[in-house]
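> Supplied structure: input04.tsv, TSV, C-alpha atoms.
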chain	number	residue	atom	x	y	z
C	438	MET	CA	42.88	8.67	-3.77
C	439	SER	CA	39.18	8.17	-4.00
C	440	PRO	CA	37.32	11.33	-4.94
C	441	VAL	CA	34.85	10.68	-2.13
C	442	SER	CA	35.15	13.58	0.31
C	443	THR	CA	36.91	12.56	3.50
C	444	LEU	CA	36.24	15.93	5.08
C	445	HIS	CA	32.50	15.89	4.45
C	446	SER	CA	32.21	12.24	5.46
C	447	GLN	CA	33.78	13.18	8.80
C	448	LEU	CA	31.35	16.09	9.13
C	449	ILE	CA	28.38	13.74	8.60
C	450	TYR	CA	29.81	11.17	10.99
C	451	ASP	CA	30.42	13.75	13.71
C	452	ALA	CA	26.86	15.01	13.32
C	453	LEU	CA	25.49	11.48	13.75
C	454	LYS	CA	27.58	11.06	16.89
C	455	GLU	CA	26.26	14.35	18.26
C	456	CYS	CA	22.72	13.00	17.81
C	457	GLY	CA	23.59	10.07	20.05
C	458	ILE	CA	23.67	7.45	17.28
C	459	GLN	CA	25.23	4.27	18.68
C	460	LEU	CA	24.40	1.77	15.94
C	461	LEU	CA	24.84	2.12	12.18
C	462	SER	CA	23.67	-0.41	9.65
C	463	ALA	CA	25.31	-0.18	6.26
C	464	LEU	CA	25.70	-1.76	2.91
C	465	PRO	CA	28.86	-0.57	1.17
C	466	GLU	CA	28.55	1.85	-1.69
C	467	THR	CA	31.23	4.06	-3.19
C	468	TRP	CA	30.10	7.33	-1.63
C	469	LEU	CA	29.78	5.75	1.81
C	470	VAL	CA	33.24	4.18	2.11
C	471	HIS	CA	34.68	6.78	4.49
C	472	LEU	CA	31.56	6.83	6.65
C	473	ILE	CA	31.70	3.05	6.99
C	474	ARG	CA	35.42	3.15	7.85
C	475	LEU	CA	34.80	5.83	10.47
C	476	ALA	CA	32.17	3.61	12.07
C	477	GLU	CA	34.49	0.61	11.84
C	478	ASP	CA	37.27	2.48	13.67
C	479	ASP	CA	34.97	3.84	16.38
C	480	PRO	CA	34.92	1.55	19.43
C	481	ASP	CA	31.71	3.22	20.63
C	482	MET	CA	29.76	2.52	17.44
C	483	ILE	CA	28.07	-0.79	16.61
C	484	LEU	CA	28.46	-1.21	12.85
C	485	VAL	CA	26.20	-3.84	11.30
C	486	ARG	CA	27.17	-4.78	7.77
C	487	LEU	CA	24.13	-6.05	5.94
C	488	ALA	CA	23.51	-8.48	3.12
C	489	LYS	CA	20.52	-6.42	1.97
C	490	GLU	CA	19.31	-3.03	3.13
C	491	GLU	CA	15.84	-4.10	4.28
C	492	GLU	CA	17.46	-6.01	7.16
C	493	GLY	CA	18.56	-2.63	8.47
C	494	VAL	CA	14.92	-1.61	9.02
C	495	GLY	CA	14.41	-4.59	11.33
C	496	ILE	CA	17.71	-4.02	13.12
C	497	SER	CA	16.94	-0.33	13.68
C	498	ALA	CA	13.44	-1.21	14.88
C	499	GLY	CA	14.86	-3.70	17.38
C	500	ALA	CA	17.51	-1.24	18.53
C	501	HIS	CA	14.90	1.49	18.97
C	502	LEU	CA	12.58	-0.66	21.07
C	503	ALA	CA	15.63	-1.67	23.09
C	504	GLY	CA	16.54	1.97	23.74
C	505	MET	CA	19.39	2.57	21.31
C	506	LYS	CA	19.54	5.27	18.65
C	507	SER	CA	20.54	4.08	15.22
C	508	ALA	CA	20.89	5.26	11.64
C	509	MET	CA	20.98	3.52	8.27
C	510	LEU	CA	23.52	4.14	5.51
C	511	MET	CA	22.46	3.05	2.06
C	512	GLN	CA	22.32	3.90	-1.59
C	513	ASN	CA	19.00	4.99	-3.08
C	514	HIS	CA	18.72	1.54	-4.66
C	515	GLY	CA	18.98	0.14	-1.16
C	516	PHE	CA	16.09	2.39	-0.18
C	517	LEU	CA	14.13	0.93	-3.10
C	518	ALA	CA	14.96	-2.56	-1.84
C	519	SER	CA	13.80	-1.66	1.71
C	520	ILE	CA	10.37	-0.25	0.97
C	521	ASN	CA	8.28	-3.16	2.26
C	522	GLY	CA	10.18	-3.13	5.54
C	523	ILE	CA	9.84	0.65	5.81
C	524	VAL	CA	6.07	0.45	5.30
C	525	SER	CA	5.15	-2.76	7.09
C	526	CYS	CA	7.60	-2.52	9.97
C	527	ALA	CA	8.67	1.10	10.56
C	528	GLN	CA	5.53	2.93	9.48
C	529	LEU	CA	3.05	0.30	10.70
C	530	TYR	CA	4.70	0.22	14.14
C	531	ARG	CA	5.67	3.90	14.36
C	532	ILE	CA	9.41	3.36	14.49
C	533	PRO	CA	11.75	6.30	13.95
C	534	LEU	CA	14.30	5.63	11.20
C	535	LEU	CA	17.12	7.97	10.30
C	536	MET	CA	18.01	7.01	6.73
C	537	LEU	CA	21.08	8.50	5.07
C	538	ILE	CA	20.71	7.73	1.41
C	539	SER	CA	23.41	8.38	-1.17
C	540	TYR	CA	21.57	10.01	-4.03
C	541	ARG	CA	22.98	8.32	-7.10
C	542	GLY	CA	21.68	8.93	-10.59
C	543	GLU	CA	21.23	12.66	-10.18
C	544	PHE	CA	22.75	15.49	-12.26
C	545	GLY	CA	26.39	14.67	-12.90
C	546	GLU	CA	25.98	10.90	-12.68
C	547	ARG	CA	28.37	9.10	-15.02
C	548	ASP	CA	27.29	5.50	-14.32
C	549	PRO	CA	24.38	4.71	-16.67
C	550	TRP	CA	23.10	1.97	-14.34
C	551	GLN	CA	22.44	4.44	-11.54
C	552	THR	CA	20.23	6.76	-13.53
C	553	GLU	CA	16.89	4.96	-13.37
C	554	GLY	CA	16.86	4.78	-9.56
C	555	GLY	CA	17.93	8.39	-9.33
C	556	GLY	CA	14.89	9.43	-11.32
C	557	VAL	CA	12.35	7.86	-8.97
C	558	THR	CA	13.88	8.37	-5.52
C	559	GLU	CA	12.19	11.63	-4.55
C	560	ASP	CA	8.82	10.60	-5.99
C	561	LEU	CA	8.92	7.41	-3.93
C	562	LEU	CA	9.82	9.29	-0.75
C	563	ARG	CA	6.88	11.63	-1.36
C	564	ALA	CA	4.53	8.74	-2.16
C	565	LEU	CA	5.48	7.13	1.15
C	566	HIS	CA	5.06	10.46	3.02
C	567	ILE	CA	8.65	10.25	4.24
C	568	PRO	CA	9.96	13.72	5.09
C	569	PHE	CA	13.32	14.31	3.42
C	570	ALA	CA	15.98	16.95	2.91
C	571	HIS	CA	19.09	17.18	0.80
C	572	LEU	CA	22.59	17.23	2.17
C	573	ASP	CA	24.52	18.96	-0.58
C	574	HIS	CA	26.59	21.62	1.18
C	575	PRO	CA	28.82	21.34	4.25
C	576	ASP	CA	27.30	24.44	5.85
C	577	HIS	CA	23.99	22.77	6.62
C	578	VAL	CA	25.07	19.16	7.26
C	579	THR	CA	25.25	19.28	11.05
C	580	ARG	CA	22.02	21.20	11.51
C	581	ARG	CA	19.98	19.16	9.03
C	582	ILE	CA	21.09	15.84	10.49
C	583	ALA	CA	20.18	17.03	13.99
C	584	LYS	CA	16.79	18.27	12.79
C	585	ALA	CA	16.09	15.05	10.89
C	586	ALA	CA	16.90	13.00	13.99
C	587	THR	CA	14.65	15.23	16.09
C	588	LEU	CA	11.70	14.82	13.71
C	589	ALA	CA	12.20	11.05	13.44
C	590	SER	CA	12.03	10.81	17.25
C	591	SER	CA	9.14	13.18	17.81
C	592	ALA	CA	7.02	11.77	14.96
C	593	ASN	CA	8.10	8.13	15.46
C	594	LYS	CA	8.52	7.89	11.71
C	595	PRO	CA	11.15	7.30	9.05
C	596	VAL	CA	12.94	10.38	7.72
C	597	ALA	CA	15.49	10.57	4.93
C	598	LEU	CA	18.52	12.66	4.10
C	599	LEU	CA	19.69	12.51	0.51
C	600	LEU	CA	23.48	12.73	0.32
C	601	GLY	CA	24.21	14.64	-2.86
C	602	ARG	CA	27.09	14.54	-5.30
C	603	ASP	CA	28.17	18.10	-4.47
C	604	LEU	CA	28.75	17.07	-0.86
C	605	MET	CA	30.14	13.56	-1.24
C	606	TRP	CA	32.22	13.71	-4.41
C	607	GLU	CA	35.25	15.85	-5.20
C	608	ASP	CA	35.32	16.00	-8.97
X	134	MET	CA	4.68	-31.93	16.74
X	135	LEU	CA	2.20	-29.10	17.06
X	136	ARG	CA	3.64	-25.59	17.27
X	137	LEU	CA	1.16	-24.77	20.02
X	138	ASP	CA	2.43	-27.70	22.11
X	139	ALA	CA	6.02	-26.64	21.51
X	140	LEU	CA	5.25	-23.10	22.69
X	141	ARG	CA	3.41	-24.46	25.74
X	142	ALA	CA	6.29	-26.79	26.61
X	143	VAL	CA	8.79	-23.93	27.00
X	144	TYR	CA	6.43	-21.06	27.88
X	145	ASP	CA	7.64	-20.78	31.48
X	146	ARG	CA	11.21	-20.09	30.23
X	147	PHE	CA	10.02	-16.86	28.56
X	148	ALA	CA	9.59	-15.03	31.87
X	149	ASP	CA	13.23	-13.88	31.77
X	150	CYS	CA	13.48	-13.48	27.99
X	151	VAL	CA	12.58	-10.92	25.38
X	152	VAL	CA	10.45	-12.68	22.78
X	153	VAL	CA	9.88	-11.59	19.17
X	154	THR	CA	7.53	-13.56	16.91
X	155	ILE	CA	6.46	-13.43	13.31
X	156	MET	CA	2.89	-12.81	12.21
X	157	GLY	CA	0.05	-15.22	11.76
X	158	ALA	CA	-0.27	-18.50	13.60
X	159	VAL	CA	2.82	-18.05	15.80
X	160	ALA	CA	1.61	-14.69	17.15
X	161	ALA	CA	-1.96	-15.88	17.65
X	162	GLU	CA	-0.95	-19.11	19.38
X	163	LEU	CA	1.51	-17.47	21.76
X	164	GLN	CA	-1.18	-14.92	22.68
X	165	SER	CA	-3.67	-17.75	23.25
X	166	ILE	CA	-1.31	-19.25	25.84
X	167	GLY	CA	-0.90	-15.85	27.47
X	168	HIS	CA	0.48	-12.49	26.41
X	169	ARG	CA	3.21	-10.84	28.46
X	170	PRO	CA	4.70	-7.36	28.07
X	171	ASN	CA	8.05	-8.87	27.09
X	172	PHE	CA	6.53	-10.39	23.93
X	173	PHE	CA	6.51	-8.49	20.61
X	174	TYR	CA	4.61	-9.76	17.58
X	175	LEU	CA	5.79	-8.45	14.21
X	176	GLN	CA	2.47	-8.72	12.39
X	177	HIS	CA	3.90	-7.94	8.96
X	178	ALA	CA	7.27	-7.21	7.37
X	179	MET	CA	7.86	-10.88	6.66
X	180	GLY	CA	11.49	-11.83	7.15
X	181	LEU	CA	12.40	-9.06	9.55
X	182	ALA	CA	11.66	-10.74	12.90
X	183	SER	CA	15.17	-12.23	12.94
X	184	SER	CA	16.65	-8.82	12.08
X	185	MET	CA	14.65	-7.20	14.89
X	186	GLY	CA	15.93	-9.86	17.26
X	187	LEU	CA	19.47	-9.05	16.15
X	188	GLY	CA	18.89	-5.33	16.77
X	189	ILE	CA	17.57	-5.98	20.27
X	190	ALA	CA	20.33	-8.47	21.07
X	191	LEU	CA	23.07	-6.05	19.96
X	192	ALA	CA	21.53	-3.08	21.76
X	193	ARG	CA	20.86	-4.99	24.97
X	194	PRO	CA	23.51	-7.65	25.54
X	195	ASP	CA	22.15	-8.02	29.08
X	196	ARG	CA	18.86	-9.46	27.78
X	197	ARG	CA	18.20	-12.96	26.50
X	198	VAL	CA	16.37	-12.65	23.17
X	199	VAL	CA	14.28	-15.42	21.62
X	200	VAL	CA	12.91	-15.08	18.07
X	201	PHE	CA	10.13	-17.36	16.85
X	202	ASP	CA	10.47	-17.37	13.07
X	203	GLY	CA	8.84	-19.49	10.36
X	204	ASP	CA	10.03	-21.20	7.22
X	205	GLY	CA	8.15	-18.81	4.92
X	206	SER	CA	9.56	-15.81	6.77
X	207	ILE	CA	13.19	-16.87	6.98
X	208	LEU	CA	13.13	-17.88	3.31
X	209	MET	CA	12.41	-14.19	2.60
X	210	ASN	CA	15.52	-13.10	4.48
X	211	LEU	CA	18.14	-15.80	4.00
X	212	GLY	CA	20.80	-13.12	3.65
X	213	GLY	CA	19.87	-12.08	7.19
X	214	LEU	CA	21.18	-15.43	8.42
X	215	THR	CA	24.64	-14.38	7.22
X	216	THR	CA	24.26	-11.13	9.17
X	217	LEU	CA	23.15	-13.01	12.30
X	218	ALA	CA	26.14	-15.32	11.90
X	219	ARG	CA	28.52	-12.43	11.30
X	220	TYR	CA	27.69	-10.74	14.61
X	221	ARG	CA	26.58	-13.97	16.36
X	222	PRO	CA	25.18	-12.39	19.50
X	223	ARG	CA	25.48	-14.87	22.38
X	224	ASN	CA	22.16	-13.74	23.80
X	225	LEU	CA	20.03	-14.71	20.78
X	226	VAL	CA	18.12	-17.95	20.26
X	227	HIS	CA	16.51	-18.15	16.82
X	228	VAL	CA	13.74	-20.75	16.60
X	229	VAL	CA	12.25	-21.51	13.18
X	230	PHE	CA	8.90	-23.30	13.19
X	231	ASP	CA	9.03	-25.15	9.89
X	232	ASN	CA	5.62	-26.39	8.74
X	233	GLU	CA	6.81	-26.52	5.13
X	234	SER	CA	4.02	-24.20	4.07
X	235	LEU	CA	2.69	-20.66	4.01
X	236	LEU	CA	-0.09	-21.61	6.39
X	237	SER	CA	-1.58	-18.16	6.98
X	238	VAL	CA	-2.11	-17.47	3.29
X	239	GLY	CA	-3.60	-20.69	1.97
X	240	GLY	CA	-1.15	-23.38	2.98
X	241	PHE	CA	0.91	-23.44	-0.19
X	242	PRO	CA	4.11	-25.47	0.21
X	243	THR	CA	7.45	-23.69	0.71
X	244	ALA	CA	10.82	-24.90	-0.55
X	245	THR	CA	11.45	-26.75	2.72
X	246	SER	CA	8.75	-29.19	1.52
X	247	THR	CA	11.02	-30.16	-1.36
X	248	GLY	CA	14.17	-30.51	0.68
X	249	SER	CA	15.61	-27.06	1.44
X	250	ASP	CA	17.21	-27.43	4.85
X	251	ILE	CA	17.05	-24.27	6.95
X	252	ALA	CA	19.34	-25.57	9.70
X	253	GLY	CA	21.81	-26.56	6.99
X	254	ILE	CA	21.59	-23.10	5.41
X	255	ALA	CA	22.08	-21.46	8.82
X	256	ALA	CA	25.10	-23.66	9.55
X	257	ALA	CA	26.60	-22.88	6.16
X	258	ALA	CA	25.97	-19.18	6.82
X	259	GLY	CA	28.12	-19.52	9.93
X	260	VAL	CA	25.58	-19.79	12.74
X	261	PRO	CA	27.63	-21.62	15.40
X	262	ARG	CA	24.85	-23.86	16.79
X	263	THR	CA	22.10	-25.32	14.64
X	264	ALA	CA	19.75	-28.29	14.92
X	265	THR	CA	16.56	-29.69	13.46
X	266	VAL	CA	14.11	-31.36	15.84
X	267	ARG	CA	10.91	-33.29	15.16
X	268	THR	CA	9.41	-34.27	18.53
X	269	LEU	CA	8.27	-32.31	21.54
X	270	ASP	CA	10.88	-33.90	23.80
X	271	GLU	CA	13.66	-33.12	21.35
X	272	PHE	CA	12.42	-29.55	21.01
X	273	THR	CA	12.21	-28.92	24.74
X	274	ARG	CA	15.68	-30.32	25.32
X	275	ALA	CA	17.22	-28.44	22.38
X	276	PHE	CA	15.55	-25.17	23.43
X	277	ASP	CA	16.87	-25.47	26.99
X	278	GLU	CA	20.32	-26.33	25.69
X	279	ALA	CA	20.22	-23.28	23.41
X	280	LEU	CA	19.29	-21.00	26.33
X	281	ALA	CA	22.10	-22.47	28.41
X	282	ALA	CA	24.68	-22.41	25.62
X	283	HIS	CA	25.20	-18.62	25.45
X	284	GLU	CA	25.93	-19.01	21.77
X	285	LEU	CA	23.84	-17.97	18.77
X	286	THR	CA	21.57	-20.89	17.91
X	287	THR	CA	19.18	-21.51	15.03
X	288	LEU	CA	16.81	-24.28	16.09
X	289	VAL	CA	14.50	-25.60	13.39
X	290	ALA	CA	11.39	-27.29	14.78
X	291	LYS	CA	9.46	-29.33	12.23
X	292	VAL	CA	5.78	-28.82	13.05
X	293	GLU	CA	2.45	-29.78	11.55
X	294	ALA	CA	0.81	-27.34	9.17
X	295	VAL	CA	-2.13	-26.55	11.42
X	296	GLY	CA	-2.93	-23.37	13.25
X	297	PRO	CA	-5.65	-21.31	14.91
X	298	LYS	CA	-8.88	-20.42	13.13
X	299	ALA	CA	-8.26	-16.68	13.32
X	300	PHE	CA	-5.14	-14.55	13.35
X	301	VAL	CA	-6.50	-11.19	14.50
X	302	THR	CA	-6.41	-10.86	18.28
X	303	ASP	CA	-7.57	-8.27	20.80
X	304	LEU	CA	-4.07	-6.90	21.29
X	305	SER	CA	-3.52	-3.80	19.17
X	306	MET	CA	-0.20	-3.68	17.35
X	307	LEU	CA	0.72	-0.23	18.67
X	308	GLU	CA	-0.28	-1.07	22.23
X	309	ASN	CA	2.00	-4.08	22.00
X	310	ARG	CA	4.84	-2.02	20.50
X	311	PHE	CA	4.80	0.75	23.13
X	312	ALA	CA	4.31	-1.60	26.08
X	313	PHE	CA	7.19	-3.78	24.84
X	314	GLN	CA	9.45	-0.73	24.53
X	315	ARG	CA	8.47	0.38	28.03
X	316	TYR	CA	9.16	-3.10	29.37
X	317	LEU	CA	12.68	-2.99	27.90
X	318	ARG	CA	13.27	0.49	29.28
X	319	GLU	CA	11.98	-0.09	32.78
X	320	THR	CA	13.09	-3.60	33.64
X	321	ARG	CA	16.47	-5.16	34.23
X	322	PRO	CA	17.09	-8.90	33.98
Using the file provided, produce a representation of the structure as structure tokens.


Amino acid sequence: MSPVSTLHSQLIYDALKECGIQLLSALPETWLVHLIRLAEDDPDMILVRLAKEEEGVGISAGAHLAGMKSAMLMQNHGFLASINGIVSCAQLYRIPLLMLISYRGEFGERDPWQTEGGGVTEDLLRALHIPFAHLDHPDHVTRRIAKAATLASSANKPVALLLGRDLMWED
Amino acid sequence: MLRLDALRAVYDRFADCVVVTIMGAVAAELQSIGHRPNFFYLQHAMGLASSMGLGIALARPDRRVVVFDGDGSILMNLGGLTTLARYRPRNLVHVVFDNESLLSVGGFPTATSTGSDIAGIAAAAGVPRTATVRTLDEFTRAFDEALAAHELTTLVAKVEAVGPKAFVTDLSMLENRFAFQRYLRETRP
């Protein structure tokens, strides 16, 4: 059994569905496996598996202009890899993006290779003026996802939710 | 073949399509022929025009989507070709104007000038229909066949490395973005 929380993944997925999300772009990462499988098994969800996360910015922009709500699932290193697209597509053209970012490299991280990206994620979000909140407890997951989606739509801007170890991982 | 002539040759087909272009010469030349509300010009974010086309095509299977890409742009998002091929929307025609250079930023040669074959890469990625064309007649015929095929097509059009004198036009990026969104919301094919 993977220690990734099935229960909390379902909670996140249900919250995305309640927001009217119909398209999810994703690049697999350990913490996101259940979320990706839930999307895969959902006949009403378009799951787009990417080669690199920045593609997801373009796909979400296209979906938005075409009238479909979408969200992006990625690791924080995928966020790092997407920054040009976020700035020169989503921010330049005022496109709402709902980014769910697994926050690797934070307290408790055992993989040495994740630690450098973990240390710069929040600073980069602030530098880019991307509003963000942490998802680290099941009690606030549903409400924070709904609020993030609302702000993305009203501001026509990217917003980020950082999926924390305490929520995603059952040590 | 001149890109401007290629765009002119098939311009009347765009009336029923949703068109996404890359920045620079392609955007400026299409606007010089005549802007329409169903045209969107991605003036930056090099590489993402094809991904935007995929997003539109998946969200609106009722619409025919045409992306006008370039060699410099698609070379920045070759992985995106595998994503296009994976979902292979039948309503997407992906045209790559290949002038073998980064024309808008000084004309430096791209890897297609030393033999990299974008249609070959697209075919190997799994795009079901691909072709490379070099004359206006070939382009017009291949474009019409791609529209009629109802199958994802990457059509590489080899064009001369010449373009307009200026790339900034009177159309504001945000005006274009909101009008394009409204067009997609309020019209049905």

> What residues in chain C have any atom no more than 10 Å from chain X when counting only C-alpha atoms, and can you write them as a PyMOL selection string?

chain C and resi 459-460+462+483-507+520-527+529-532

> With all atoms listed in the file as the counted atoms, please give the residues lying no more than 12 Å from Ala583 (chain C), apart from itself and same-chain residues fewer than 2 positions off, as a PyMOL selection string.

chain C and resi 449-458+535+570+577-581+585-590+596+598

> Quick one: of C:Ile473, C:Ile538, C:Met605, C:Ala508, who's nearest to Gly554 (chain C), counting only C-alpha atoms?

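Of the candidates, the smallest distance to Gly554 (chain C) is held by C:Ile538.
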
> In Å, with one decimal, what is the gap from CA of Tyr144 (chain X) to CA of Ile166 (chain X)?

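Computing the Euclidean distance for CA of Tyr144 (chain X) and CA of Ile166 (chain X) yields 8.2 Å.
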
> In Å, with one decimal, what is the gap from CA of Lys594 (chain C) to CA of His566 (chain C)?

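It comes out at 9.7 Å.
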
> Please report the interatomic distance between CA of Leu599 (chain C) and CA of Thr558 (chain C) in Å with one decimal.

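Going from CA of Leu599 (chain C) over to CA of Thr558 (chain C) covers 9.3 Å.
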
> Write out as a ChimeraX atom specification which residues come within 10 Å of Thr302 (chain X) when counting all atoms listed in the file, dropping same-chain ones fewer than 6 positions away.

/X:160-162,164-165

> Measuring atom to atom with only C-alpha atoms, identify which of X:Thr243, X:Thr263, X:Ala279, X:Leu304 is nearest to Phe172 (chain X).

X:Leu304

> Could you name the residues that touch region 250-256 of chain X at 9 Å or less, counting only C-alpha atoms, but leaving out those on the same chain fewer than 6 positions away, as a PyMOL selection string?

chain X and resi 204+207-208+211+214-215+218+229+231+244+262-265+287-289

> Name all residues at most 8 Å from Pro440 (chain C) (count only C-alpha atoms; drop same-chain ones fewer than 3 positions away) and give them as number ranges by chain.

C: 606-608

> Go through C:Gly555, C:Pro595, C:Gly545, C:Gly601 one by one, measure the shortest atom-to-atom distance of each to Asn513 (chain C) using only C-alpha atoms, and give the residue with the smallest value.

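Smallest separation from Asn513 (chain C) among the options: C:Gly555.
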
> Because some atoms of region 530-553 of chain C are absent here, can you restore N, CA and C atoms and send them as a PDB file, in the frame of the given file?


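Written file, part.pdb:
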ATOM      1  N   TYR C 530       4.444   0.272  12.689  1.00  0.00           N
ATOM      2  CA  TYR C 530       4.700   0.220  14.140  1.00  0.00           C
ATOM      3  C   TYR C 530       5.246   1.536  14.698  1.00  0.00           C
ATOM      4  N   ARG C 531       5.209   2.587  13.901  1.00  0.00           N
ATOM      5  CA  ARG C 531       5.670   3.900  14.360  1.00  0.00           C
ATOM      6  C   ARG C 531       7.077   3.834  14.966  1.00  0.00           C
ATOM      7  N   ILE C 532       8.005   3.455  14.105  1.00  0.00           N
ATOM      8  CA  ILE C 532       9.410   3.360  14.490  1.00  0.00           C
ATOM      9  C   ILE C 532      10.177   4.498  13.834  1.00  0.00           C
ATOM     10  N   PRO C 533      10.932   5.279  14.589  1.00  0.00           N
ATOM     11  CA  PRO C 533      11.750   6.300  13.950  1.00  0.00           C
ATOM     12  C   PRO C 533      12.919   5.657  13.198  1.00  0.00           C
ATOM     13  N   LEU C 534      13.125   6.093  11.964  1.00  0.00           N
ATOM     14  CA  LEU C 534      14.300   5.630  11.200  1.00  0.00           C
ATOM     15  C   LEU C 534      15.008   6.865  10.692  1.00  0.00           C
ATOM     16  N   LEU C 535      16.309   6.895  10.878  1.00  0.00           N
ATOM     17  CA  LEU C 535      17.120   7.970  10.300  1.00  0.00           C
ATOM     18  C   LEU C 535      17.883   7.351   9.136  1.00  0.00           C
ATOM     19  N   MET C 536      17.416   7.643   7.916  1.00  0.00           N
ATOM     20  CA  MET C 536      18.010   7.010   6.730  1.00  0.00           C
ATOM     21  C   MET C 536      18.895   8.011   5.999  1.00  0.00           C
ATOM     22  N   LEU C 537      20.167   7.680   5.873  1.00  0.00           N
ATOM     23  CA  LEU C 537      21.080   8.500   5.070  1.00  0.00           C
ATOM     24  C   LEU C 537      21.288   7.777   3.749  1.00  0.00           C
ATOM     25  N   ILE C 538      20.804   8.407   2.707  1.00  0.00           N
ATOM     26  CA  ILE C 538      20.710   7.730   1.410  1.00  0.00           C
ATOM     27  C   ILE C 538      21.605   8.438   0.402  1.00  0.00           C
ATOM     28  N   SER C 539      22.578   7.737  -0.131  1.00  0.00           N
ATOM     29  CA  SER C 539      23.410   8.380  -1.170  1.00  0.00           C
ATOM     30  C   SER C 539      22.574   8.469  -2.440  1.00  0.00           C
ATOM     31  N   TYR C 540      22.510   9.681  -2.957  1.00  0.00           N
ATOM     32  CA  TYR C 540      21.570  10.010  -4.030  1.00  0.00           C
ATOM     33  C   TYR C 540      22.273   9.840  -5.371  1.00  0.00           C
ATOM     34  N   ARG C 541      22.335   8.590  -5.817  1.00  0.00           N
ATOM     35  CA  ARG C 541      22.980   8.320  -7.100  1.00  0.00           C
ATOM     36  C   ARG C 541      21.989   8.566  -8.238  1.00  0.00           C
ATOM     37  N   GLY C 542      22.531   8.765  -9.417  1.00  0.00           N
ATOM     38  CA  GLY C 542      21.680   8.930 -10.590  1.00  0.00           C
ATOM     39  C   GLY C 542      21.125  10.322 -10.779  1.00  0.00           C
ATOM     40  N   GLU C 543      21.673  11.279 -10.042  1.00  0.00           N
ATOM     41  CA  GLU C 543      21.230  12.660 -10.180  1.00  0.00           C
ATOM     42  C   GLU C 543      22.125  13.388 -11.183  1.00  0.00           C
ATOM     43  N   PHE C 544      21.915  14.692 -11.344  1.00  0.00           N
ATOM     44  CA  PHE C 544      22.750  15.490 -12.260  1.00  0.00           C
ATOM     45  C   PHE C 544      24.223  15.200 -11.977  1.00  0.00           C
ATOM     46  N   GLY C 545      24.966  14.941 -13.037  1.00  0.00           N
ATOM     47  CA  GLY C 545      26.390  14.670 -12.900  1.00  0.00           C
ATOM     48  C   GLY C 545      26.731  13.203 -12.845  1.00  0.00           C
ATOM     49  N   GLU C 546      25.730  12.339 -12.774  1.00  0.00           N
ATOM     50  CA  GLU C 546      25.980  10.900 -12.680  1.00  0.00           C
ATOM     51  C   GLU C 546      26.600  10.374 -13.969  1.00  0.00           C
ATOM     52  N   ARG C 547      27.706   9.646 -13.824  1.00  0.00           N
ATOM     53  CA  ARG C 547      28.370   9.100 -15.020  1.00  0.00           C
ATOM     54  C   ARG C 547      28.040   7.632 -15.242  1.00  0.00           C
ATOM     55  N   ASP C 548      27.588   6.930 -14.182  1.00  0.00           N
ATOM     56  CA  ASP C 548      27.290   5.500 -14.320  1.00  0.00           C
ATOM     57  C   ASP C 548      25.861   5.327 -14.859  1.00  0.00           C
ATOM     58  N   PRO C 549      25.737   4.826 -16.085  1.00  0.00           N
ATOM     59  CA  PRO C 549      24.380   4.710 -16.670  1.00  0.00           C
ATOM     60  C   PRO C 549      23.435   3.892 -15.811  1.00  0.00           C
ATOM     61  N   TRP C 550      23.972   2.880 -15.100  1.00  0.00           N
ATOM     62  CA  TRP C 550      23.100   1.970 -14.340  1.00  0.00           C
ATOM     63  C   TRP C 550      22.499   2.621 -13.101  1.00  0.00           C
ATOM     64  N   GLN C 551      23.001   3.773 -12.719  1.00  0.00           N
ATOM     65  CA  GLN C 551      22.440   4.440 -11.540  1.00  0.00           C
ATOM     66  C   GLN C 551      21.276   5.370 -11.890  1.00  0.00           C
ATOM     67  N   THR C 552      21.082   5.631 -13.181  1.00  0.00           N
ATOM     68  CA  THR C 552      20.230   6.760 -13.530  1.00  0.00           C
ATOM     69  C   THR C 552      18.732   6.481 -13.340  1.00  0.00           C
ATOM     70  N   GLU C 553      18.320   5.253 -13.492  1.00  0.00           N
ATOM     71  CA  GLU C 553      16.890   4.960 -13.370  1.00  0.00           C
ATOM     72  C   GLU C 553      16.427   5.146 -11.912  1.00  0.00           C
TER      73      GLU C 553
END
